[in-house]
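Structure file model_6.pdb; described as PDB, C-alpha atoms and all ligand atoms.
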ATOM      1  CA  MET B  76     141.890  43.474  93.023
ATOM      2  CA  SER B  77     141.898  45.210  89.635
ATOM      3  CA  GLU B  78     139.159  47.661  88.662
ATOM      4  CA  GLU B  79     138.032  45.289  85.937
ATOM      5  CA  ALA B  80     137.614  42.455  88.460
ATOM      6  CA  ILE B  81     135.550  44.741  90.715
ATOM      7  CA  ASP B  82     133.290  45.638  87.784
ATOM      8  CA  THR B  83     132.663  42.010  86.972
ATOM      9  CA  THR B  84     131.817  41.065  90.536
ATOM     10  CA  ALA B  85     129.543  44.056  90.974
ATOM     11  CA  LEU B  86     127.592  43.140  87.858
ATOM     12  CA  GLY B  87     127.481  39.520  89.003
ATOM     13  CA  SER B  88     125.534  38.475  85.950
ATOM     14  CA  THR B  89     126.769  36.410  83.085
ATOM     15  CA  MET B  90     124.339  34.993  80.566
ATOM     16  CA  PRO B  91     125.439  31.397  80.100
ATOM     17  CA  GLY B  92     124.063  29.677  77.040
ATOM     18  CA  VAL B  93     122.620  32.836  75.501
ATOM     19  CA  LYS B  94     123.951  33.680  72.034
ATOM     20  CA  VAL B  95     123.901  37.288  70.926
ATOM     21  CA  ALA B  96     124.406  38.790  67.464
ATOM     22  CA  ILE B  97     125.145  42.476  66.854
ATOM     23  CA  LEU B  98     124.111  43.332  63.303
ATOM     24  CA  GLY B  99     125.814  46.643  62.509
ATOM     25  CA  THR B 100     128.815  46.923  64.797
ATOM     26  CA  GLY B 101     129.691  50.589  64.321
ATOM     27  CA  LYS B 102     130.192  53.209  67.041
ATOM     28  CA  MET B 103     127.378  52.125  69.361
ATOM     29  CA  GLY B 104     127.532  48.426  68.435
ATOM     30  CA  GLY B 105     131.283  48.480  69.052
ATOM     31  CA  ILE B 106     130.850  50.100  72.472
ATOM     32  CA  LEU B 107     128.373  47.344  73.383
ATOM     33  CA  LEU B 108     130.590  44.530  72.058
ATOM     34  CA  GLN B 109     133.524  45.752  74.167
ATOM     35  CA  ALA B 110     131.321  46.185  77.242
ATOM     36  CA  PHE B 111     129.904  42.636  76.980
ATOM     37  CA  LEU B 112     133.408  41.181  76.943
ATOM     38  CA  LYS B 113     134.842  43.517  79.595
ATOM     39  CA  ASN B 114     132.015  42.712  82.010
ATOM     40  CA  ASN B 115     132.044  38.972  81.258
ATOM     41  CA  LEU B 116     128.371  39.254  80.347
ATOM     42  CA  LEU B 117     129.129  37.100  77.318
ATOM     43  CA  SER B 118     132.195  35.197  76.217
ATOM     44  CA  GLU B 119     133.718  35.437  72.731
ATOM     45  CA  ASP B 120     132.007  32.230  71.589
ATOM     46  CA  GLN B 121     128.562  33.535  72.594
ATOM     47  CA  LEU B 122     128.944  36.571  70.346
ATOM     48  CA  PHE B 123     128.500  37.140  66.599
ATOM     49  CA  ALA B 124     128.850  40.499  64.918
ATOM     50  CA  THR B 125     128.398  41.930  61.449
ATOM     51  CA  VAL B 126     129.477  45.052  59.581
ATOM     52  CA  HIS B 127     129.178  46.226  55.980
ATOM     53  CA  HIS B 128     132.862  46.244  54.933
ATOM     54  CA  PRO B 129     134.739  42.890  54.955
ATOM     55  CA  GLU B 130     138.046  44.599  55.877
ATOM     56  CA  ARG B 131     136.416  46.097  58.991
ATOM     57  CA  ALA B 132     135.069  42.655  59.873
ATOM     58  CA  GLN B 133     138.632  41.334  59.828
ATOM     59  CA  VAL B 134     139.924  44.145  62.017
ATOM     60  CA  LEU B 135     137.155  43.728  64.603
ATOM     61  CA  SER B 136     137.514  39.964  64.604
ATOM     62  CA  ALA B 137     141.259  40.198  65.272
ATOM     63  CA  GLN B 138     140.740  42.881  67.915
ATOM     64  CA  PHE B 139     138.087  41.099  69.970
ATOM     65  CA  GLY B 140     138.436  37.410  69.120
ATOM     66  CA  VAL B 141     134.773  37.316  68.093
ATOM     67  CA  GLU B 142     133.290  35.980  64.837
ATOM     68  CA  VAL B 143     132.693  39.131  62.776
ATOM     69  CA  THR B 144     131.406  38.793  59.207
ATOM     70  CA  THR B 145     129.246  40.608  56.660
ATOM     71  CA  ASP B 146     126.673  37.772  56.679
ATOM     72  CA  ASN B 147     123.664  39.027  58.653
ATOM     73  CA  LEU B 148     121.515  35.962  58.007
ATOM     74  CA  ALA B 149     124.164  33.526  59.272
ATOM     75  CA  ALA B 150     124.739  35.617  62.409
ATOM     76  CA  ALA B 151     120.992  35.893  63.050
ATOM     77  CA  ARG B 152     120.548  32.123  62.678
ATOM     78  CA  GLN B 153     123.103  31.475  65.415
ATOM     79  CA  ALA B 154     121.725  33.973  67.943
ATOM     80  CA  ASP B 155     118.934  33.963  70.533
ATOM     81  CA  VAL B 156     119.074  37.744  70.939
ATOM     82  CA  ILE B 157     119.653  39.815  67.792
ATOM     83  CA  LEU B 158     120.766  43.415  68.251
ATOM     84  CA  LEU B 159     119.950  45.740  65.354
ATOM     85  CA  GLY B 160     122.654  48.426  65.153
ATOM     86  CA  VAL B 161     122.504  49.731  61.587
ATOM     87  CA  LYS B 162     121.245  53.207  60.661
ATOM     88  CA  PRO B 163     117.458  53.655  60.941
ATOM     89  CA  LEU B 164     116.916  53.734  57.161
ATOM     90  CA  GLN B 165     118.733  50.394  56.773
ATOM     91  CA  ILE B 166     116.517  48.550  59.274
ATOM     92  CA  PRO B 167     113.794  47.421  56.786
ATOM     93  CA  SER B 168     116.267  45.816  54.365
ATOM     94  CA  LEU B 169     118.221  44.247  57.233
ATOM     95  CA  ILE B 170     115.063  42.605  58.586
ATOM     96  CA  GLU B 171     114.137  41.443  55.104
ATOM     97  CA  THR B 172     117.564  39.743  54.886
ATOM     98  CA  ILE B 173     117.333  37.976  58.265
ATOM     99  CA  ARG B 174     113.625  37.092  58.011
ATOM    100  CA  PRO B 175     114.275  33.360  57.294
ATOM    101  CA  ALA B 176     116.122  33.149  60.645
ATOM    102  CA  LEU B 177     113.366  34.781  62.701
ATOM    103  CA  THR B 178     111.260  32.547  64.949
ATOM    104  CA  PRO B 179     109.039  33.355  67.960
ATOM    105  CA  GLU B 180     111.811  32.106  70.327
ATOM    106  CA  LYS B 181     114.203  34.882  69.291
ATOM    107  CA  THR B 182     114.381  38.439  70.610
ATOM    108  CA  LEU B 183     115.060  41.443  68.398
ATOM    109  CA  LEU B 184     116.658  44.318  70.282
ATOM    110  CA  SER B 185     116.897  47.446  68.144
ATOM    111  CA  PHE B 186     118.836  50.533  69.135
ATOM    112  CA  ALA B 187     118.132  52.386  65.884
ATOM    113  CA  ALA B 188     116.746  55.832  66.673
ATOM    114  CA  SER B 189     113.095  56.490  65.805
ATOM    115  CA  VAL B 190     112.250  53.015  64.419
ATOM    116  CA  LYS B 191     109.053  51.776  66.070
ATOM    117  CA  THR B 192     108.632  48.248  67.468
ATOM    118  CA  SER B 193     105.429  47.846  65.396
ATOM    119  CA  ALA B 194     107.372  48.509  62.172
ATOM    120  CA  ILE B 195     109.945  45.868  63.146
ATOM    121  CA  GLU B 196     107.259  43.346  64.169
ATOM    122  CA  GLU B 197     105.467  43.848  60.882
ATOM    123  CA  ALA B 198     108.649  43.440  58.842
ATOM    124  CA  ALA B 199     109.659  40.352  60.834
ATOM    125  CA  GLY B 200     106.432  38.617  59.878
ATOM    126  CA  CYS B 201     106.103  36.458  63.012
ATOM    127  CA  ASP B 202     105.056  37.019  66.646
ATOM    128  CA  LEU B 203     108.484  37.551  68.135
ATOM    129  CA  ALA B 204     109.703  39.818  70.928
ATOM    130  CA  VAL B 205     110.876  43.243  69.761
ATOM    131  CA  ILE B 206     112.514  45.616  72.224
ATOM    132  CA  ARG B 207     113.576  49.125  71.297
ATOM    133  CA  ALA B 208     116.432  50.874  73.089
ATOM    134  CA  MET B 209     117.736  54.439  73.106
ATOM    135  CA  PRO B 210     121.253  54.622  74.555
ATOM    136  CA  ASN B 211     123.418  57.759  74.702
ATOM    137  CA  THR B 212     127.104  58.457  74.064
ATOM    138  CA  PRO B 213     128.382  58.399  77.691
ATOM    139  CA  ALA B 214     127.876  54.637  77.173
ATOM    140  CA  THR B 215     131.494  54.846  75.962
ATOM    141  CA  LEU B 216     132.538  55.170  79.637
ATOM    142  CA  ALA B 217     129.786  52.902  81.000
ATOM    143  CA  ALA B 218     128.147  56.130  82.198
ATOM    144  CA  GLY B 219     125.270  56.107  79.718
ATOM    145  CA  VAL B 220     121.558  55.844  80.254
ATOM    146  CA  THR B 221     119.389  53.683  78.022
ATOM    147  CA  ALA B 222     115.618  53.832  77.819
ATOM    148  CA  LEU B 223     113.969  50.578  76.752
ATOM    149  CA  CYS B 224     110.439  49.892  75.616
ATOM    150  CA  ALA B 225     108.641  46.664  74.799
ATOM    151  CA  GLY B 226     106.814  45.628  71.666
ATOM    152  CA  ARG B 227     103.680  43.447  71.740
ATOM    153  CA  PHE B 228     105.238  40.044  72.399
ATOM    154  CA  VAL B 229     107.891  40.777  75.045
ATOM    155  CA  SER B 230     107.987  38.750  78.292
ATOM    156  CA  THR B 231     109.355  40.042  81.608
ATOM    157  CA  GLY B 232     112.326  37.689  81.214
ATOM    158  CA  GLN B 233     113.170  39.049  77.773
ATOM    159  CA  MET B 234     113.025  42.631  79.051
ATOM    160  CA  ALA B 235     115.279  41.633  81.964
ATOM    161  CA  ILE B 236     117.845  40.286  79.484
ATOM    162  CA  ALA B 237     117.677  43.535  77.472
ATOM    163  CA  GLN B 238     118.256  45.520  80.666
ATOM    164  CA  LYS B 239     121.209  43.330  81.589
ATOM    165  CA  ILE B 240     122.659  43.919  78.127
ATOM    166  CA  PHE B 241     122.420  47.716  78.378
ATOM    167  CA  GLN B 242     123.474  47.836  82.050
ATOM    168  CA  THR B 243     126.982  47.003  80.797
ATOM    169  CA  VAL B 244     127.118  50.579  79.446
ATOM    170  CA  GLY B 245     125.304  52.424  82.257
ATOM    171  CA  ARG B 246     121.844  52.718  83.764
ATOM    172  CA  THR B 247     118.587  51.583  82.200
ATOM    173  CA  VAL B 248     115.008  52.716  82.463
ATOM    174  CA  VAL B 249     111.908  51.059  80.995
ATOM    175  CA  VAL B 250     109.322  53.414  79.466
ATOM    176  CA  ASP B 251     106.197  53.233  77.317
ATOM    177  CA  GLU B 252     107.032  53.512  73.641
ATOM    178  CA  LYS B 253     105.061  56.780  73.419
ATOM    179  CA  HIS B 254     107.870  58.379  75.483
ATOM    180  CA  MET B 255     110.770  57.336  73.239
ATOM    181  CA  ASP B 256     110.870  60.639  71.298
ATOM    182  CA  ALA B 257     111.006  62.521  74.600
ATOM    183  CA  VAL B 258     113.862  60.254  75.706
ATOM    184  CA  THR B 259     115.670  61.089  72.461
ATOM    185  CA  GLY B 260     115.160  64.813  73.132
ATOM    186  CA  LEU B 261     116.334  64.600  76.749
ATOM    187  CA  SER B 262     119.000  61.928  77.265
ATOM    188  CA  GLY B 263     119.861  61.290  73.591
ATOM    189  CA  SER B 264     120.533  64.956  72.749
ATOM    190  CA  GLY B 265     121.240  65.894  76.384
ATOM    191  CA  PRO B 266     125.000  65.272  76.366
ATOM    192  CA  ALA B 267     125.377  68.001  73.692
ATOM    193  CA  PHE B 268     123.386  70.444  75.849
ATOM    194  CA  ILE B 269     125.485  69.638  78.909
ATOM    195  CA  TYR B 270     128.756  70.023  76.929
ATOM    196  CA  ILE B 271     127.636  73.545  75.978
ATOM    197  CA  ILE B 272     126.951  74.320  79.651
ATOM    198  CA  ILE B 273     130.384  72.985  80.643
ATOM    199  CA  GLU B 274     132.033  74.927  77.826
ATOM    200  CA  ALA B 275     130.239  78.111  78.895
ATOM    201  CA  LEU B 276     131.173  77.647  82.562
ATOM    202  CA  ALA B 277     134.810  77.086  81.570
ATOM    203  CA  GLU B 278     134.700  80.190  79.352
ATOM    204  CA  ALA B 279     133.335  82.094  82.334
ATOM    205  CA  GLY B 280     136.199  80.806  84.476
ATOM    206  CA  VAL B 281     138.699  82.078  81.907
ATOM    207  CA  ASN B 282     136.836  85.376  81.867
ATOM    208  CA  VAL B 283     137.357  85.804  85.621
ATOM    209  CA  GLY B 284     141.047  84.942  85.326
ATOM    210  CA  LEU B 285     141.433  81.144  85.612
ATOM    211  CA  PRO B 286     143.731  79.183  83.295
ATOM    212  CA  ARG B 287     141.592  77.324  80.711
ATOM    213  CA  ASP B 288     142.584  73.812  81.830
ATOM    214  CA  VAL B 289     141.763  74.610  85.459
ATOM    215  CA  ALA B 290     138.476  76.249  84.449
ATOM    216  CA  THR B 291     137.464  73.228  82.327
ATOM    217  CA  LEU B 292     138.337  70.793  85.127
ATOM    218  CA  LEU B 293     136.351  72.836  87.664
ATOM    219  CA  ALA B 294     133.356  73.109  85.327
ATOM    220  CA  ALA B 295     133.293  69.420  84.325
ATOM    221  CA  GLN B 296     133.890  68.001  87.811
ATOM    222  CA  THR B 297     131.264  70.375  89.248
ATOM    223  CA  THR B 298     128.769  69.057  86.675
ATOM    224  CA  LEU B 299     129.667  65.445  87.471
ATOM    225  CA  GLY B 300     129.540  66.010  91.234
ATOM    226  CA  SER B 301     126.207  67.826  91.073
ATOM    227  CA  ALA B 302     124.693  65.050  88.942
ATOM    228  CA  ARG B 303     125.910  62.467  91.471
ATOM    229  CA  MET B 304     124.356  64.492  94.322
ATOM    230  CA  VAL B 305     120.973  64.342  92.553
ATOM    231  CA  LEU B 306     121.261  60.621  91.779
ATOM    232  CA  GLU B 307     122.775  59.434  95.055
ATOM    233  CA  THR B 308     120.958  61.576  97.652
ATOM    234  CA  GLY B 309     117.605  61.333  95.894
ATOM    235  CA  TYR B 310     116.916  64.954  96.904
ATOM    236  CA  HIS B 311     114.995  67.239  94.569
ATOM    237  CA  PRO B 312     117.456  69.439  92.609
ATOM    238  CA  ALA B 313     115.744  72.562  93.969
ATOM    239  CA  LEU B 314     116.486  71.434  97.542
ATOM    240  CA  LEU B 315     120.157  70.868  96.687
ATOM    241  CA  LYS B 316     120.287  74.290  95.004
ATOM    242  CA  ASP B 317     118.776  75.930  98.083
ATOM    243  CA  ALA B 318     121.396  74.225 100.259
ATOM    244  CA  VAL B 319     124.242  76.037  98.431
ATOM    245  CA  THR B 320     122.450  79.382  98.266
ATOM    246  CA  THR B 321     123.418  81.505 101.281
ATOM    247  CA  PRO B 322     121.170  84.506 101.981
ATOM    248  CA  ALA B 323     122.725  87.625 100.418
ATOM    249  CA  GLY B 324     125.656  85.457  99.223
ATOM    250  CA  CYS B 325     127.375  85.045  95.835
ATOM    251  CA  THR B 326     125.341  82.108  94.511
ATOM    252  CA  VAL B 327     121.994  83.868  94.742
ATOM    253  CA  ASP B 328     123.392  86.766  92.683
ATOM    254  CA  GLY B 329     124.534  84.256  90.053
ATOM    255  CA  ILE B 330     121.124  82.576  90.051
ATOM    256  CA  LEU B 331     119.447  85.931  89.420
ATOM    257  CA  GLU B 332     121.566  86.317  86.284
ATOM    258  CA  LEU B 333     120.631  82.792  85.143
ATOM    259  CA  GLU B 334     116.935  83.521  85.598
ATOM    260  CA  GLU B 335     117.216  86.855  83.772
ATOM    261  CA  GLY B 336     119.086  85.147  80.939
ATOM    262  CA  GLY B 337     116.360  82.501  80.682
ATOM    263  CA  LEU B 338     118.598  79.432  81.125
ATOM    264  CA  ARG B 339     115.758  77.367  82.570
ATOM    265  CA  VAL B 340     113.263  78.198  79.800
ATOM    266  CA  THR B 341     115.959  77.827  77.127
ATOM    267  CA  LEU B 342     116.791  74.284  78.272
ATOM    268  CA  ILE B 343     113.106  73.338  78.386
ATOM    269  CA  LYS B 344     112.662  74.685  74.846
ATOM    270  CA  ALA B 345     115.786  72.843  73.638
ATOM    271  CA  VAL B 346     114.456  69.482  74.854
ATOM    272  CA  LYS B 347     111.005  70.235  73.383
ATOM    273  CA  ARG B 348     112.514  71.091  69.984
ATOM    274  CA  ALA B 349     114.731  67.991  69.971
ATOM    275  CA  THR B 350     111.717  65.839  70.917
ATOM    276  CA  GLN B 351     109.688  67.360  68.076
ATOM    277  CA  ARG B 352     112.515  66.678  65.624
ATOM    278  CA  ALA B 353     112.735  63.060  66.809
ATOM    279  CA  LYS B 354     108.996  62.694  66.043
ATOM    280  CA  GLU B 355     109.519  64.109  62.542
ATOM    281  CA  LEU B 356     112.414  61.724  61.860
ATOM    282  CA  ALA B 357     110.250  58.794  62.947
ATOM    283  CA  ASN B 358     107.665  59.810  60.360
ATOM    284  CA  GLY B 359     110.291  59.733  57.622
TER     285      GLY B 359
HETATM  286  N1  LIG B 401     126.132  56.659  68.121
HETATM  287  C1  LIG B 401     125.238  56.958  69.064
HETATM  288  O1  LIG B 401     125.522  57.685  70.003
HETATM  289  C2  LIG B 401     123.854  56.369  69.041
HETATM  290  C3  LIG B 401     122.992  56.613  70.120
HETATM  291  C4  LIG B 401     121.718  56.036  70.085
HETATM  292  C5  LIG B 401     121.309  55.267  69.006
HETATM  293  N2  LIG B 401     122.170  55.078  67.975
HETATM  294  C6  LIG B 401     121.718  54.275  66.836
HETATM  295  O2  LIG B 401     122.670  53.261  66.589
HETATM  296  C7  LIG B 401     122.659  52.938  65.213
HETATM  297  C8  LIG B 401     124.088  52.938  64.699
HETATM  298  O3  LIG B 401     124.639  54.211  64.918
HETATM  299  P1  LIG B 401     126.210  54.397  64.972
HETATM  300  O4  LIG B 401     126.445  55.776  65.445
HETATM  301  O5  LIG B 401     126.823  53.255  65.699
HETATM  302  O6  LIG B 401     126.528  54.303  63.400
HETATM  303  P2  LIG B 401     127.821  53.755  62.639
HETATM  304  O7  LIG B 401     129.041  53.961  63.459
HETATM  305  O8  LIG B 401     127.777  54.313  61.266
HETATM  306  O9  LIG B 401     127.560  52.183  62.574
HETATM  307  C9  LIG B 401     126.764  51.556  61.632
HETATM  308  C10 LIG B 401     127.351  50.184  61.392
HETATM  309  O10 LIG B 401     126.474  49.468  60.557
HETATM  310  C11 LIG B 401     127.261  48.713  59.671
HETATM  311  N3  LIG B 401     126.457  48.354  58.516
HETATM  312  C12 LIG B 401     126.007  49.133  57.504
HETATM  313  N4  LIG B 401     125.270  48.409  56.654
HETATM  314  C13 LIG B 401     125.255  47.144  57.137
HETATM  315  C14 LIG B 401     124.663  45.937  56.713
HETATM  316  N5  LIG B 401     123.930  45.870  55.608
HETATM  317  N6  LIG B 401     124.885  44.829  57.460
HETATM  318  C15 LIG B 401     125.622  44.867  58.587
HETATM  319  N7  LIG B 401     126.196  45.987  59.050
HETATM  320  C16 LIG B 401     126.011  47.110  58.336
HETATM  321  C17 LIG B 401     128.447  49.578  59.337
HETATM  322  O11 LIG B 401     129.481  48.766  58.830
HETATM  323  P3  LIG B 401     130.930  49.329  58.412
HETATM  324  O12 LIG B 401     131.625  49.626  59.719
HETATM  325  O13 LIG B 401     131.568  48.226  57.669
HETATM  326  O14 LIG B 401     130.680  50.559  57.591
HETATM  327  C18 LIG B 401     128.725  50.191  60.709
HETATM  328  O15 LIG B 401     129.604  49.366  61.428
HETATM  329  C19 LIG B 401     121.778  53.962  64.506
HETATM  330  O16 LIG B 401     120.547  53.392  64.150
HETATM  331  C20 LIG B 401     121.590  55.056  65.533
HETATM  332  O17 LIG B 401     120.312  55.655  65.431
HETATM  333  C21 LIG B 401     123.441  55.599  67.971
END

Translate this structure into C-alpha cells?
Amino acid sequence: MSEEAIDTTALGSTMPGVKVAILGTGKMGGILLQAFLKNNLLSEDQLFATVHHPERAQVLSAQFGVEVTTDNLAAARQADVILLGVKPLQIPSLIETIRPALTPEKTLLSFAASVKTSAIEEAAGCDLAVIRAMPNTPATLAAGVTALCAGRFVSTGQMAIAQKIFQTVGRTVVVDEKHMDAVTGLSGSGPAFIYIIIEALAEAGVNVGLPRDVATLLAAQTTLGSARMVLETGYHPALLKDAVTTPAGCTVDGILELEEGGLRVTLIKAVKRATQRAKELANG
C-alpha cells in the first residue's frame, strides 16, 4: 500500500456534497488546496479557488485540475464553506465583494492573522458562522498545528468541519478567541524560535568537531524525537528531562549552562513579545 493510500484511510473522512472555496490561494491557501486533494477530503469538482493575478489562476488550475479564477463573488456563490486566505488588510474589501453571496447557511473560515470574528461578522452583514484559524508553516508537511476559534453563530457541526479541513495539514486545537494572539506568539512564531535552537545546536556540534551536515541532522532529529516523546507519552517535559539527566553526568552540566544563560526565561520573553506584537497588529 502506498503512503498516500495509508494517509487517506487513516483520515477516513471525505466531505461528500460540501463545496469549498479558497479566496486567496497563496502560500497557505495553496498548502491547504493540495492537502484537500491529497487526502481525498474534497474532489476537484467540490473546490473553487481564487487569486489576484489571472496568469497565476491559469497555472494553479492546470496544476490541480480545480476551477481557479479571479472572481471572488462567483466562487463564494458556489461554496458552502468559504475560506478567506488573503492578507489581513485585504479582508474588509474581500468581504464587501462577496457580501451578495453570503447567507446564514454558509460558513466563513478565515485564516488571516489578527482579524477578529466580530469584524468579519459585522462586515458580512448577516448572522452567519465565522470561524477563525491560525495555522503554522509546518502545515507544508502536514505537521502543522492550527488553533481554531468560533464566532457568535457557529454550530458544533460547523466547527467539526473546520477541524476536518485543518486536520489535513496537522493537528487542531479549539480555543477561546481571547487566546488567539497567544497562539500567534507561541505556535505561529514558534517555528522560527525552534529553527534558531536547531541552528545553535548544530553550530555547537560543529564547535565540538562534528561535520556540519551530521551536526544539523543530529540537532533536527533530536528536536523532532523529543517533541514526539512529549506528544506521544503524555509525560510532563520536566519528567522526560529528568529521565535523561544522570546524577553527576554530562547532561546536568549542560543544563546548568542553559540555566545560567537564561534559555528558559529568554524563550518565555520571546513568546510574550510576539504575543504583544500580535495584539498590536490586530489593533491596526
Ligand atoms: N504563510 C503562513 O505561514 C501563514 C500562517 C498563518 C496565517 N497566514 C495568513 O494567511 C493569509 C495569506 O498568507 P500567505 O502567506 O498565504 O500570503 P500570500 O502567499 O501572499 O497569498 C495571498 C494570496 O492572496 C491572493 N490575493 C490577493 N488579493 C486577492 C483578491 N483580491 N482576491 C483573491 N485573491 C487575492 C494572492 O494572489 P496572487 O497569487 O495572484 O498574487 C495570493 O495568492 C494571511 O492573511 C496570513 O495572515 C499565513

Q: May I ask which of the residues B:Ala124, B:Pro312, B:Ile106, B:Ala176 is the closest one to Gly219 in chain B, counting all atoms listed in the file?
A: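 Smallest separation from Gly219 in chain B among the options: B:Ile106.
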
Q: Write out as a VMD selection string which residues come within 9 Å of range 195-212 of chain B when counting all atoms listed in the file, dropping same-chain ones fewer than 3 positions away.
A: chain B and resid 103 166 to 167 170 to 171 173 to 174 177 to 192 215 to 216 218 to 230 233 to 234 237 241 244 to 245 247 252 255 258 to 259 262 to 266

Q. Looking at B:Gly284, B:Ser136, B:Tyr270, B:Lys102, which one is nearest to Leu299 in chain B, with distances taken over only C-alpha atoms?
A. B:Tyr270

**Q.** Minimum-distance residue to ligand LIG 401 (chain B), chosen among B:Ala137, B:Ile240, B:Ile97, B:Leu292 (using only C-alpha atoms and all ligand atoms)
**A.** B:Ile97

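Minimum atom-to-atom distances from B:Ala149, B:Val319, B:Ile272, B:Val281 to Leu333 in chain B were compared using all atoms listed in the file, and the lowest value belongs to B:Ile272.
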
Please determine an axis-aligned box that encloses all atoms of ligand LIG 401 (chain B) listed in the file, with 6 Å added on each side, and express its centre and edge lengths in Å to one decimal as AutoDock Vina command-line options.
--center_x 126.0 --center_y 51.3 --center_z 62.9 --size_x 23.3 --size_y 24.9 --size_z 26.5

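CA of Arg246 in chain B is found 22.7 Å from atom C9 of ligand LIG 401 (chain B).
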
Q.
Between CA of Gly140 in chain B and atom O17 of ligand LIG 401 (chain B), what distance in Å does the model show, to one decimal?
A.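 Separation between CA of Gly140 in chain B and atom O17 of ligand LIG 401 (chain B): 26.0 Å.
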
**Q.** Which residue of B:Leu135, B:Ala154, B:Ile236, B:Leu276 approaches ligand LIG 401 (chain B) most closely, using only C-alpha atoms and all ligand atoms
**A.** B:Leu135

Q) Which value, in Å to one decimal, gives the distance between atom C7 of ligand LIG 401 (chain B) and CA of Lys94 in chain B? A)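 Computing it gives 20.5 Å between the two atoms.
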
Q | Expected residue set, 6 Å radius at (122.0, 69.1, 93.6), only C-alpha atoms, as a count of residues only | A | 6

Q | Residue neighbourhood range 141-146 of chain B, 8 Å, all atoms listed in the file, exclusion window fewer than 2 positions, as a list in words | A | Glu119, Asp120, Leu122, Phe123, Ala124, Thr125, Val126, His127, His128, Pro129, Ala132, Gln133, Leu135, Ser136, Ala137, Phe139, Leu148, Ala149 and Ala150 of chain B

Q. With only C-alpha atoms and all ligand atoms as the basis for distance, which of B:Pro322, B:Gly280, B:Pro163, B:Gly337 is at the shortest distance from ligand LIG 401 (chain B)?
A.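 Smallest separation from ligand LIG 401 (chain B) among the options: B:Pro163.
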
Q. Where does the PyMOL selection byres (((chain B and resi 295) around 9) and not hetatm) land in this file, that is, which residues does it pick, as a list of chain:residue names?
A. B:Tyr270, B:Ile273, B:Glu274, B:Leu276, B:Ala277, B:Ala290, B:Thr291, B:Leu292, B:Leu293, B:Ala294, B:Gln296, B:Thr297, B:Thr298, B:Leu299, B:Gly300

Could you write out the selected residues, including C-alpha atoms, as a PDB file, keeping the file's coordinate frame?
ATOM      1  CA  TYR B 270     128.756  70.023  76.929  1.00  0.00           C
ATOM      2  CA  ILE B 273     130.384  72.985  80.643  1.00  0.00           C
ATOM      3  CA  GLU B 274     132.033  74.927  77.826  1.00  0.00           C
ATOM      4  CA  LEU B 276     131.173  77.647  82.562  1.00  0.00           C
ATOM      5  CA  ALA B 277     134.810  77.086  81.570  1.00  0.00           C
ATOM      6  CA  ALA B 290     138.476  76.249  84.449  1.00  0.00           C
ATOM      7  CA  THR B 291     137.464  73.228  82.327  1.00  0.00           C
ATOM      8  CA  LEU B 292     138.337  70.793  85.127  1.00  0.00           C
ATOM      9  CA  LEU B 293     136.351  72.836  87.664  1.00  0.00           C
ATOM     10  CA  ALA B 294     133.356  73.109  85.327  1.00  0.00           C
ATOM     11  CA  GLN B 296     133.890  68.001  87.811  1.00  0.00           C
ATOM     12  CA  THR B 297     131.264  70.375  89.248  1.00  0.00           C
ATOM     13  CA  THR B 298     128.769  69.057  86.675  1.00  0.00           C
ATOM     14  CA  LEU B 299     129.667  65.445  87.471  1.00  0.00           C
ATOM     15  CA  GLY B 300     129.540  66.010  91.234  1.00  0.00           C
TER      16      GLY B 300
END

Q: I need the residue set behind the PyMOL selection byres (((chain B and resi 349-353) around 8) and not hetatm) for this file; please write it as a ChimeraX atom specification.
A: /B:189,256-261,264,345-348,354-357
